[in-house]
Structures are given as C-alpha cells and as structure tokens.
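See below for start-v4.json, which holds JSON, N, CA and C atoms.
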```json
[["chain", "number", "residue", "atom", "x", "y", "z"],
["A", 1, "ARG", "N", 32.31, 8.53, 2.41],
["A", 1, "ARG", "CA", 32.90, 9.84, 2.22],
["A", 1, "ARG", "C", 32.45, 10.40, 0.88],
["A", 2, "GLN", "N", 31.87, 11.57, 0.93],
["A", 2, "GLN", "CA", 31.45, 12.32, -0.24],
["A", 2, "GLN", "C", 30.47, 11.56, -1.12],
["A", 3, "ILE", "N", 29.64, 10.75, -0.50],
["A", 3, "ILE", "CA", 28.57, 10.10, -1.24],
["A", 3, "ILE", "C", 27.28, 10.80, -0.83],
["A", 4, "MET", "N", 26.92, 11.82, -1.60],
["A", 4, "MET", "CA", 25.75, 12.61, -1.25],
["A", 4, "MET", "C", 25.19, 13.25, -2.51],
["A", 5, "ASP", "N", 23.97, 13.68, -2.40],
["A", 5, "ASP", "CA", 23.34, 14.41, -3.48],
["A", 5, "ASP", "C", 23.45, 15.89, -3.14],
["A", 6, "ILE", "N", 24.38, 16.58, -3.78],
["A", 6, "ILE", "CA", 24.65, 17.98, -3.43],
["A", 6, "ILE", "C", 23.53, 18.92, -3.86],
["A", 7, "THR", "N", 22.49, 18.40, -4.48],
["A", 7, "THR", "CA", 21.35, 19.24, -4.88],
["A", 7, "THR", "C", 20.13, 18.99, -4.00],
["A", 8, "HIS", "N", 20.19, 18.03, -3.10],
["A", 8, "HIS", "CA", 19.03, 17.71, -2.27],
["A", 8, "HIS", "C", 18.74, 18.88, -1.32],
["A", 9, "PRO", "N", 17.48, 19.31, -1.22],
["A", 9, "PRO", "CA", 17.15, 20.47, -0.39],
["A", 9, "PRO", "C", 17.60, 20.34, 1.07],
["A", 10, "VAL", "N", 17.51, 19.15, 1.64],
["A", 10, "VAL", "CA", 17.93, 18.98, 3.04],
["A", 10, "VAL", "C", 19.45, 19.14, 3.15],
["A", 11, "TYR", "N", 20.19, 18.56, 2.22],
["A", 11, "TYR", "CA", 21.64, 18.72, 2.21],
["A", 11, "TYR", "C", 22.00, 20.20, 2.10],
["A", 12, "LEU", "N", 21.37, 20.91, 1.15],
["A", 12, "LEU", "CA", 21.66, 22.33, 0.96],
["A", 12, "LEU", "C", 21.32, 23.15, 2.20],
["A", 13, "PHE", "N", 20.22, 22.82, 2.85],
["A", 13, "PHE", "CA", 19.81, 23.54, 4.06],
["A", 13, "PHE", "C", 20.88, 23.43, 5.15],
["A", 14, "TYR", "N", 21.31, 22.21, 5.45],
["A", 14, "TYR", "CA", 22.29, 22.02, 6.51],
["A", 14, "TYR", "C", 23.69, 22.48, 6.11],
["A", 15, "ALA", "N", 24.04, 22.32, 4.85],
["A", 15, "ALA", "CA", 25.34, 22.81, 4.38],
["A", 15, "ALA", "C", 25.43, 24.32, 4.55],
["A", 16, "GLU", "N", 24.37, 25.01, 4.18],
["A", 16, "GLU", "CA", 24.38, 26.48, 4.34],
["A", 16, "GLU", "C", 24.47, 26.87, 5.81],
["A", 17, "ARG", "N", 23.76, 26.17, 6.68],
["A", 17, "ARG", "CA", 23.83, 26.48, 8.11],
["A", 17, "ARG", "C", 25.24, 26.31, 8.65],
["A", 18, "ILE", "N", 25.89, 25.22, 8.25],
["A", 18, "ILE", "CA", 27.26, 24.97, 8.71],
["A", 18, "ILE", "C", 28.21, 26.04, 8.18],
["A", 19, "ILE", "N", 28.10, 26.34, 6.90],
["A", 19, "ILE", "CA", 28.99, 27.34, 6.30],
["A", 19, "ILE", "C", 28.81, 28.70, 6.96],
["A", 20, "ARG", "N", 27.56, 29.11, 7.17],
["A", 20, "ARG", "CA", 27.31, 30.41, 7.80],
["A", 20, "ARG", "C", 27.86, 30.45, 9.23],
["A", 21, "LYS", "N", 27.72, 29.35, 9.96],
["A", 21, "LYS", "CA", 28.22, 29.30, 11.33],
["A", 21, "LYS", "C", 29.75, 29.41, 11.35],
["A", 22, "LEU", "N", 30.40, 28.67, 10.48],
["A", 22, "LEU", "CA", 31.87, 28.74, 10.41],
["A", 22, "LEU", "C", 32.34, 30.13, 10.03],
["A", 23, "ILE", "N", 31.72, 30.72, 9.04],
["A", 23, "ILE", "CA", 32.13, 32.05, 8.59],
["A", 23, "ILE", "C", 31.89, 33.09, 9.67],
["A", 24, "SER", "N", 30.80, 32.96, 10.41],
["A", 24, "SER", "CA", 30.51, 33.95, 11.46],
["A", 24, "SER", "C", 31.58, 33.93, 12.55],
["A", 25, "ARG", "N", 32.24, 32.79, 12.73],
["A", 25, "ARG", "CA", 33.27, 32.67, 13.77],
["A", 25, "ARG", "C", 34.60, 33.31, 13.37],
["A", 26, "VAL", "N", 34.88, 33.36, 12.07],
["A", 26, "VAL", "CA", 36.21, 33.84, 11.64],
["A", 26, "VAL", "C", 36.17, 35.09, 10.76],
["A", 27, "SER", "N", 35.00, 35.56, 10.40],
["A", 27, "SER", "CA", 34.89, 36.64, 9.41],
["A", 27, "SER", "C", 35.57, 37.93, 9.83],
["A", 28, "ALA", "N", 35.64, 38.22, 11.10],
["A", 28, "ALA", "CA", 36.24, 39.49, 11.55],
["A", 28, "ALA", "C", 37.75, 39.38, 11.78],
["A", 29, "HIS", "N", 38.31, 38.20, 11.67],
["A", 29, "HIS", "CA", 39.75, 38.04, 11.91],
["A", 29, "HIS", "C", 40.53, 38.70, 10.78],
["A", 30, "PRO", "N", 41.53, 39.53, 11.11],
["A", 30, "PRO", "CA", 42.26, 40.27, 10.08],
["A", 30, "PRO", "C", 43.05, 39.39, 9.10],
["A", 31, "ALA", "N", 43.34, 38.17, 9.48],
["A", 31, "ALA", "CA", 44.12, 37.29, 8.60],
["A", 31, "ALA", "C", 43.24, 36.59, 7.56],
["A", 32, "VAL", "N", 41.94, 36.67, 7.74],
["A", 32, "VAL", "CA", 41.03, 35.99, 6.81],
["A", 32, "VAL", "C", 40.79, 36.90, 5.60],
["A", 33, "ILE", "N", 41.16, 36.40, 4.42],
["A", 33, "ILE", "CA", 40.99, 37.20, 3.20],
["A", 33, "ILE", "C", 39.97, 36.57, 2.25],
["A", 34, "GLY", "N", 39.50, 35.38, 2.56],
["A", 34, "GLY", "CA", 38.52, 34.72, 1.71],
["A", 34, "GLY", "C", 38.12, 33.39, 2.31],
["A", 35, "TYR", "N", 37.21, 32.71, 1.62],
["A", 35, "TYR", "CA", 36.70, 31.44, 2.10],
["A", 35, "TYR", "C", 36.70, 30.41, 0.99],
["A", 36, "GLN", "N", 36.98, 29.20, 1.35],
["A", 36, "GLN", "CA", 36.83, 28.07, 0.44],
["A", 36, "GLN", "C", 36.15, 26.98, 1.25],
["A", 37, "THR", "N", 34.95, 26.62, 0.87],
["A", 37, "THR", "CA", 34.18, 25.69, 1.69],
["A", 37, "THR", "C", 34.41, 24.23, 1.33],
["A", 38, "ASP", "N", 35.05, 23.97, 0.20],
["A", 38, "ASP", "CA", 35.35, 22.59, -0.18],
["A", 38, "ASP", "C", 36.59, 22.60, -1.05],
["A", 39, "ASN", "N", 37.52, 21.74, -0.77],
["A", 39, "ASN", "CA", 38.73, 21.71, -1.58],
["A", 39, "ASN", "C", 38.65, 20.69, -2.71],
["A", 40, "GLU", "N", 37.51, 20.04, -2.85],
["A", 40, "GLU", "CA", 37.32, 19.07, -3.92],
["A", 40, "GLU", "C", 36.00, 19.36, -4.62],
["A", 41, "THR", "N", 35.93, 20.53, -5.25],
["A", 41, "THR", "CA", 34.67, 20.91, -5.89],
["A", 41, "THR", "C", 34.47, 20.11, -7.16],
["A", 42, "LYS", "N", 33.40, 19.36, -7.16],
["A", 42, "LYS", "CA", 33.00, 18.57, -8.32],
["A", 42, "LYS", "C", 31.55, 18.16, -8.14],
["A", 43, "HIS", "N", 31.01, 17.48, -9.10],
["A", 43, "HIS", "CA", 29.59, 17.12, -9.05],
["A", 43, "HIS", "C", 29.33, 15.81, -8.31],
["A", 44, "TYR", "N", 30.35, 15.06, -7.97],
["A", 44, "TYR", "CA", 30.22, 13.79, -7.24],
["A", 44, "TYR", "C", 29.28, 12.82, -7.95],
["A", 45, "HIS", "N", 29.22, 12.90, -9.25],
["A", 45, "HIS", "CA", 28.37, 12.03, -10.06],
["A", 45, "HIS", "C", 26.90, 12.12, -9.65],
["A", 46, "THR", "N", 26.49, 13.30, -9.19],
["A", 46, "THR", "CA", 25.10, 13.51, -8.83],
["A", 46, "THR", "C", 24.25, 13.51, -10.10],
["A", 47, "SER", "N", 23.27, 12.65, -10.13],
["A", 47, "SER", "CA", 22.41, 12.58, -11.30],
["A", 47, "SER", "C", 21.02, 12.08, -10.93],
["A", 48, "GLY", "N", 20.59, 12.40, -9.74],
["A", 48, "GLY", "CA", 19.31, 11.91, -9.26],
["A", 48, "GLY", "C", 18.15, 12.80, -9.67],
["A", 49, "PRO", "N", 17.00, 12.58, -9.08],
["A", 49, "PRO", "CA", 15.78, 13.30, -9.43],
["A", 49, "PRO", "C", 15.88, 14.81, -9.26],
["A", 50, "ASN", "N", 16.62, 15.27, -8.23],
["A", 50, "ASN", "CA", 16.75, 16.71, -8.03],
["A", 50, "ASN", "C", 17.50, 17.36, -9.18],
["A", 51, "VAL", "N", 18.53, 16.69, -9.68],
["A", 51, "VAL", "CA", 19.29, 17.22, -10.81],
["A", 51, "VAL", "C", 18.41, 17.25, -12.05],
["A", 52, "GLN", "N", 17.64, 16.21, -12.26],
["A", 52, "GLN", "CA", 16.76, 16.16, -13.43],
["A", 52, "GLN", "C", 15.73, 17.30, -13.36],
["A", 53, "LEU", "N", 15.13, 17.52, -12.20],
["A", 53, "LEU", "CA", 14.14, 18.59, -12.06],
["A", 53, "LEU", "C", 14.76, 19.95, -12.33],
["A", 54, "ARG", "N", 15.96, 20.17, -11.81],
["A", 54, "ARG", "CA", 16.63, 21.45, -12.03],
["A", 54, "ARG", "C", 17.04, 21.62, -13.48],
["A", 55, "PHE", "N", 17.45, 20.52, -14.12],
["A", 55, "PHE", "CA", 17.82, 20.58, -15.52],
["A", 55, "PHE", "C", 16.61, 20.95, -16.38],
["A", 56, "VAL", "N", 15.48, 20.32, -16.13],
["A", 56, "VAL", "CA", 14.27, 20.62, -16.90],
["A", 56, "VAL", "C", 13.86, 22.07, -16.66],
["A", 57, "LYS", "N", 13.95, 22.55, -15.43],
["A", 57, "LYS", "CA", 13.62, 23.96, -15.15],
["A", 57, "LYS", "C", 14.56, 24.89, -15.90],
["A", 58, "TYR", "N", 15.84, 24.57, -15.89],
["A", 58, "TYR", "CA", 16.81, 25.38, -16.63],
["A", 58, "TYR", "C", 16.46, 25.42, -18.12],
["A", 59, "MET", "N", 16.16, 24.26, -18.69],
["A", 59, "MET", "CA", 15.83, 24.19, -20.12],
["A", 59, "MET", "C", 14.55, 24.99, -20.42],
["A", 60, "ARG", "N", 13.59, 24.88, -19.53],
["A", 60, "ARG", "CA", 12.32, 25.60, -19.71],
["A", 60, "ARG", "C", 12.54, 27.11, -19.65],
["A", 61, "ASP", "N", 13.34, 27.56, -18.67],
["A", 61, "ASP", "CA", 13.63, 28.99, -18.53],
["A", 61, "ASP", "C", 14.44, 29.51, -19.72],
["A", 62, "LYS", "N", 15.39, 28.73, -20.18],
["A", 62, "LYS", "CA", 16.27, 29.17, -21.26],
["A", 62, "LYS", "C", 15.60, 29.16, -22.62],
["A", 63, "PHE", "N", 14.87, 28.09, -22.94],
["A", 63, "PHE", "CA", 14.34, 27.93, -24.29],
["A", 63, "PHE", "C", 12.85, 28.25, -24.41],
["A", 64, "LYS", "N", 12.17, 28.39, -23.28],
["A", 64, "LYS", "CA", 10.76, 28.81, -23.21],
["A", 64, "LYS", "C", 9.74, 27.82, -23.75],
["A", 65, "SER", "N", 10.08, 27.03, -24.76],
["A", 65, "SER", "CA", 9.09, 26.11, -25.31],
["A", 65, "SER", "C", 9.75, 24.80, -25.72],
["A", 66, "LEU", "N", 8.96, 23.75, -25.69],
["A", 66, "LEU", "CA", 9.46, 22.45, -26.14],
["A", 66, "LEU", "C", 9.71, 22.45, -27.64],
["A", 67, "ASP", "N", 8.93, 23.22, -28.39],
["A", 67, "ASP", "CA", 9.18, 23.31, -29.83],
["A", 67, "ASP", "C", 10.59, 23.82, -30.10],
["A", 68, "GLU", "N", 11.02, 24.82, -29.33],
["A", 68, "GLU", "CA", 12.36, 25.37, -29.50],
["A", 68, "GLU", "C", 13.43, 24.35, -29.13],
["A", 69, "ILE", "N", 13.20, 23.62, -28.05],
["A", 69, "ILE", "CA", 14.16, 22.58, -27.64],
["A", 69, "ILE", "C", 14.22, 21.49, -28.71],
["A", 70, "ASN", "N", 13.06, 21.05, -29.17],
["A", 70, "ASN", "CA", 13.03, 20.01, -30.21],
["A", 70, "ASN", "C", 13.78, 20.46, -31.46],
["A", 71, "ARG", "N", 13.61, 21.73, -31.82],
["A", 71, "ARG", "CA", 14.27, 22.26, -33.01],
["A", 71, "ARG", "C", 15.79, 22.35, -32.80],
["A", 72, "ARG", "N", 16.19, 22.98, -31.69],
["A", 72, "ARG", "CA", 17.61, 23.22, -31.45],
["A", 72, "ARG", "C", 18.42, 21.94, -31.23],
["A", 73, "PHE", "N", 17.81, 20.97, -30.61],
["A", 73, "PHE", "CA", 18.54, 19.75, -30.29],
["A", 73, "PHE", "C", 18.29, 18.63, -31.30],
["A", 74, "GLY", "N", 17.55, 18.94, -32.34],
["A", 74, "GLY", "CA", 17.32, 17.95, -33.39],
["A", 74, "GLY", "C", 16.52, 16.75, -32.93],
["A", 75, "LEU", "N", 15.64, 16.96, -31.99],
["A", 75, "LEU", "CA", 14.90, 15.83, -31.42],
["A", 75, "LEU", "C", 13.87, 15.26, -32.39],
["A", 76, "ASP", "N", 13.35, 16.09, -33.29],
["A", 76, "ASP", "CA", 12.46, 15.55, -34.32],
["A", 76, "ASP", "C", 13.25, 14.64, -35.25],
["A", 77, "TYR", "N", 14.42, 15.09, -35.62],
["A", 77, "TYR", "CA", 15.28, 14.31, -36.52],
["A", 77, "TYR", "C", 15.63, 12.96, -35.91],
["A", 78, "TRP", "N", 15.92, 12.95, -34.64],
["A", 78, "TRP", "CA", 16.31, 11.72, -33.95],
["A", 78, "TRP", "C", 15.10, 10.91, -33.48],
["A", 79, "SER", "N", 13.92, 11.34, -33.84],
["A", 79, "SER", "CA", 12.67, 10.67, -33.40],
["A", 79, "SER", "C", 12.55, 10.64, -31.88],
["A", 80, "ASN", "N", 13.01, 11.68, -31.24],
["A", 80, "ASN", "CA", 12.94, 11.79, -29.78],
["A", 80, "ASN", "C", 12.16, 13.02, -29.35],
["A", 81, "ARG", "N", 11.23, 13.46, -30.17],
["A", 81, "ARG", "CA", 10.46, 14.66, -29.88],
["A", 81, "ARG", "C", 9.88, 14.60, -28.46],
["A", 82, "ILE", "N", 9.97, 15.72, -27.77],
["A", 82, "ILE", "CA", 9.41, 15.85, -26.42],
["A", 82, "ILE", "C", 8.12, 16.64, -26.57],
["A", 83, "ASN", "N", 7.02, 16.07, -26.13],
["A", 83, "ASN", "CA", 5.72, 16.73, -26.28],
["A", 83, "ASN", "C", 5.16, 17.30, -24.98],
["A", 84, "GLY", "N", 5.78, 16.97, -23.84],
["A", 84, "GLY", "CA", 5.32, 17.49, -22.56],
["A", 84, "GLY", "C", 6.49, 17.62, -21.61],
["A", 85, "TRP", "N", 6.50, 18.69, -20.79],
["A", 85, "TRP", "CA", 7.62, 18.89, -19.85],
["A", 85, "TRP", "C", 7.75, 17.70, -18.90],
["A", 86, "GLU", "N", 6.62, 17.09, -18.55],
["A", 86, "GLU", "CA", 6.67, 15.94, -17.64],
["A", 86, "GLU", "C", 7.28, 14.71, -18.32],
["A", 87, "ASP", "N", 7.38, 14.75, -19.64],
["A", 87, "ASP", "CA", 7.98, 13.63, -20.39],
["A", 87, "ASP", "C", 9.44, 13.89, -20.77],
["A", 88, "PHE", "N", 10.01, 14.97, -20.24],
["A", 88, "PHE", "CA", 11.39, 15.30, -20.59],
["A", 88, "PHE", "C", 12.28, 14.13, -20.17],
["A", 89, "PRO", "N", 13.00, 13.56, -21.11],
["A", 89, "PRO", "CA", 13.78, 12.36, -20.79],
["A", 89, "PRO", "C", 14.99, 12.66, -19.92],
["A", 90, "SER", "N", 15.37, 11.67, -19.15],
["A", 90, "SER", "CA", 16.59, 11.79, -18.37],
["A", 90, "SER", "C", 17.77, 11.81, -19.33],
["A", 91, "VAL", "N", 18.74, 12.66, -19.05],
["A", 91, "VAL", "CA", 19.92, 12.72, -19.91],
["A", 91, "VAL", "C", 20.93, 11.64, -19.55],
["A", 92, "ILE", "N", 20.63, 10.87, -18.50],
["A", 92, "ILE", "CA", 21.51, 9.78, -18.10],
["A", 92, "ILE", "C", 21.27, 8.61, -19.04],
["A", 93, "GLY", "N", 22.28, 8.25, -19.77],
["A", 93, "GLY", "CA", 22.18, 7.11, -20.65],
["A", 93, "GLY", "C", 21.36, 7.33, -21.89],
["A", 94, "THR", "N", 21.07, 8.58, -22.23],
["A", 94, "THR", "CA", 20.28, 8.84, -23.43],
["A", 94, "THR", "C", 21.04, 8.40, -24.67],
["A", 95, "VAL", "N", 20.32, 7.92, -25.66],
["A", 95, "VAL", "CA", 20.95, 7.53, -26.91],
["A", 95, "VAL", "C", 21.04, 8.70, -27.88],
["A", 96, "ASN", "N", 20.39, 9.81, -27.52],
["A", 96, "ASN", "CA", 20.42, 10.99, -28.36],
["A", 96, "ASN", "C", 21.68, 11.79, -28.06],
["A", 97, "GLY", "N", 22.58, 11.85, -29.02],
["A", 97, "GLY", "CA", 23.85, 12.54, -28.82],
["A", 97, "GLY", "C", 23.72, 14.01, -28.55],
["A", 98, "SER", "N", 22.75, 14.69, -29.18],
["A", 98, "SER", "CA", 22.61, 16.14, -28.97],
["A", 98, "SER", "C", 22.02, 16.45, -27.61],
["A", 99, "LEU", "N", 21.18, 15.60, -27.08],
["A", 99, "LEU", "CA", 20.58, 15.85, -25.77],
["A", 99, "LEU", "C", 21.53, 15.47, -24.65],
["A", 100, "GLY", "N", 22.32, 14.44, -24.85],
["A", 100, "GLY", "CA", 23.22, 13.98, -23.80],
["A", 100, "GLY", "C", 24.54, 14.72, -23.74],
["A", 101, "ALA", "N", 24.85, 15.50, -24.74],
["A", 101, "ALA", "CA", 26.15, 16.18, -24.80],
["A", 101, "ALA", "C", 26.26, 17.30, -23.80]]
```

This structure in structure tokens:
Amino acid sequence: RQIMDITHPVYLFYAERIIRKLISRVSAHPAVIGYQTDNETKHYHTSGPNVQLRFVKYMRDKFKSLDEINRRFGLDYWSNRINGWEDFPSVIGTVNGSLGA
C-alpha cells in the first residue's frame, strides 16, 4: 500500500487517466463542489532517480549556472564544488548541510 514512486512517468500517466475518468463521471453532478484525489498527500519518501533528475532541472532553471549554485550553497567552502550538471550529487545522505537542507 502506497509504495510507489509518485514521480515515475508511467505512474503519472495512469494516475492522470484514472483521475480524469473519475472526474468525467461526476463533474456535472450539482452536489459536487470540488475534488480531492488523495486524502494522504505526502511524498511517500520518494527519492529515486526521477526525483533527482527533476531536482537538478529545478536547480538549473532557478540558478542558471553551477557557479551560482556553488556560491549560494557554499559548495566551494565545503569542498563540494559541482563542476558538471551530470555530477550533481544526490541530496540523499549528503554530508553538506547547505545542500541537504
């Protein structure tokens, strides 16, 4: 129960199909005022490769350059400088407090 990677493309594909099908069945009912698709919204400890890829993309879009990330997160100071996007470390179990926070 609830052991899944909520970021996996196949999971997202089928979840969206199910949600759209359910909503299409009840959307016109006058008693329906909104939708809640999960009553236990949380991350389910998802920390696999899909999360890492999305995190790196987010960081790249937000900070634009590794130099900026290294500066803002003190990675030079901590001797954890990142020199390539493909070398972006996993934040799982990182010893760098600023990167893992």

Straight-line distance linking atom CA of Glu86 of chain A with atom N of Pro49 of chain A, stated in Å to one decimal: 13.8 Å

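Minimum distance to Phe55 of chain A across A:Met4, A:Ile92, A:Val32, A:Leu75 (counting only C-alpha atoms) occurs at A:Ile92.
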
Test item: residues at most 12 Å from Arg54 of chain A, only C-alpha atoms, excluding those fewer than 3 positions along its chain, as a CSV table (one decimal) with N, CA and C atoms, keeping the file's coordinate frame:
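In the end it all went to out09.csv:
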```csv
chain,number,residue,atom,x,y,z
A,7,THR,N,22.5,18.4,-4.5
A,7,THR,CA,21.4,19.2,-4.9
A,7,THR,C,20.1,19.0,-4.0
A,8,HIS,N,20.2,18.0,-3.1
A,8,HIS,CA,19.0,17.7,-2.3
A,8,HIS,C,18.7,18.9,-1.3
A,9,PRO,N,17.5,19.3,-1.2
A,9,PRO,CA,17.2,20.5,-0.4
A,9,PRO,C,17.6,20.3,1.1
A,47,SER,N,23.3,12.6,-10.1
A,47,SER,CA,22.4,12.6,-11.3
A,47,SER,C,21.0,12.1,-10.9
A,48,GLY,N,20.6,12.4,-9.7
A,48,GLY,CA,19.3,11.9,-9.3
A,48,GLY,C,18.2,12.8,-9.7
A,49,PRO,N,17.0,12.6,-9.1
A,49,PRO,CA,15.8,13.3,-9.4
A,49,PRO,C,15.9,14.8,-9.3
A,50,ASN,N,16.6,15.3,-8.2
A,50,ASN,CA,16.8,16.7,-8.0
A,50,ASN,C,17.5,17.4,-9.2
A,51,VAL,N,18.5,16.7,-9.7
A,51,VAL,CA,19.3,17.2,-10.8
A,51,VAL,C,18.4,17.2,-12.0
A,57,LYS,N,14.0,22.6,-15.4
A,57,LYS,CA,13.6,24.0,-15.2
A,57,LYS,C,14.6,24.9,-15.9
A,58,TYR,N,15.8,24.6,-15.9
A,58,TYR,CA,16.8,25.4,-16.6
A,58,TYR,C,16.5,25.4,-18.1
A,59,MET,N,16.2,24.3,-18.7
A,59,MET,CA,15.8,24.2,-20.1
A,59,MET,C,14.6,25.0,-20.4
A,60,ARG,N,13.6,24.9,-19.5
A,60,ARG,CA,12.3,25.6,-19.7
A,60,ARG,C,12.5,27.1,-19.6
A,61,ASP,N,13.3,27.6,-18.7
A,61,ASP,CA,13.6,29.0,-18.5
A,61,ASP,C,14.4,29.5,-19.7
A,88,PHE,N,10.0,15.0,-20.2
A,88,PHE,CA,11.4,15.3,-20.6
A,88,PHE,C,12.3,14.1,-20.2
A,90,SER,N,15.4,11.7,-19.2
A,90,SER,CA,16.6,11.8,-18.4
A,90,SER,C,17.8,11.8,-19.3
```

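Coordinates place atom CA of Thr46 of chain A at a distance of 6.4 Å from atom C of Asp5 of chain A.
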
Who sits within 8 Å of Arg81 of chain A, all atoms listed in the file, same chain under 3 positions skipped, as a VMD selection string: chain A and resid 66 69 to 71 74 to 78 84 87

Writing out the chosen residues with N, CA and C atoms as a compact mmCIF listing (two decimals), in the coordinates of the input:
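Output (out.txt):
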```txt
# COMPACT_ATOMS: atom_id res chain seq x y z
N LEU A 66 8.96 23.75 -25.69
CA LEU A 66 9.46 22.45 -26.14
C LEU A 66 9.71 22.45 -27.64
N ILE A 69 13.20 23.62 -28.05
CA ILE A 69 14.16 22.58 -27.64
C ILE A 69 14.22 21.49 -28.71
N ASN A 70 13.06 21.05 -29.17
CA ASN A 70 13.03 20.01 -30.21
C ASN A 70 13.78 20.46 -31.46
N ARG A 71 13.61 21.73 -31.82
CA ARG A 71 14.27 22.26 -33.01
C ARG A 71 15.79 22.35 -32.80
N GLY A 74 17.55 18.94 -32.34
CA GLY A 74 17.32 17.95 -33.39
C GLY A 74 16.52 16.75 -32.93
N LEU A 75 15.64 16.96 -31.99
CA LEU A 75 14.90 15.83 -31.42
C LEU A 75 13.87 15.26 -32.39
N ASP A 76 13.35 16.09 -33.29
CA ASP A 76 12.46 15.55 -34.32
C ASP A 76 13.25 14.64 -35.25
N TYR A 77 14.42 15.09 -35.62
CA TYR A 77 15.28 14.31 -36.52
C TYR A 77 15.63 12.96 -35.91
N TRP A 78 15.92 12.95 -34.64
CA TRP A 78 16.31 11.72 -33.95
C TRP A 78 15.10 10.91 -33.48
N GLY A 84 5.78 16.97 -23.84
CA GLY A 84 5.32 17.49 -22.56
C GLY A 84 6.49 17.62 -21.61
N ASP A 87 7.38 14.75 -19.64
CA ASP A 87 7.98 13.63 -20.39
C ASP A 87 9.44 13.89 -20.77
```

Distance query segment 18-23 of chain A at most 10 Å, only C-alpha atoms, self and fewer than 3 positions along chain excluded, as a ChimeraX atom specification: /A:12-15,26-28,32,34-37

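You will find atom CA of Val10 of chain A at 21.3 Å from atom CA of Ser24 of chain A.
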
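Considering only C-alpha atoms, the residue among A:His29, A:Gln52, A:Ser79, A:Trp85 positioned nearest to Ser65 of chain A is A:Trp85.
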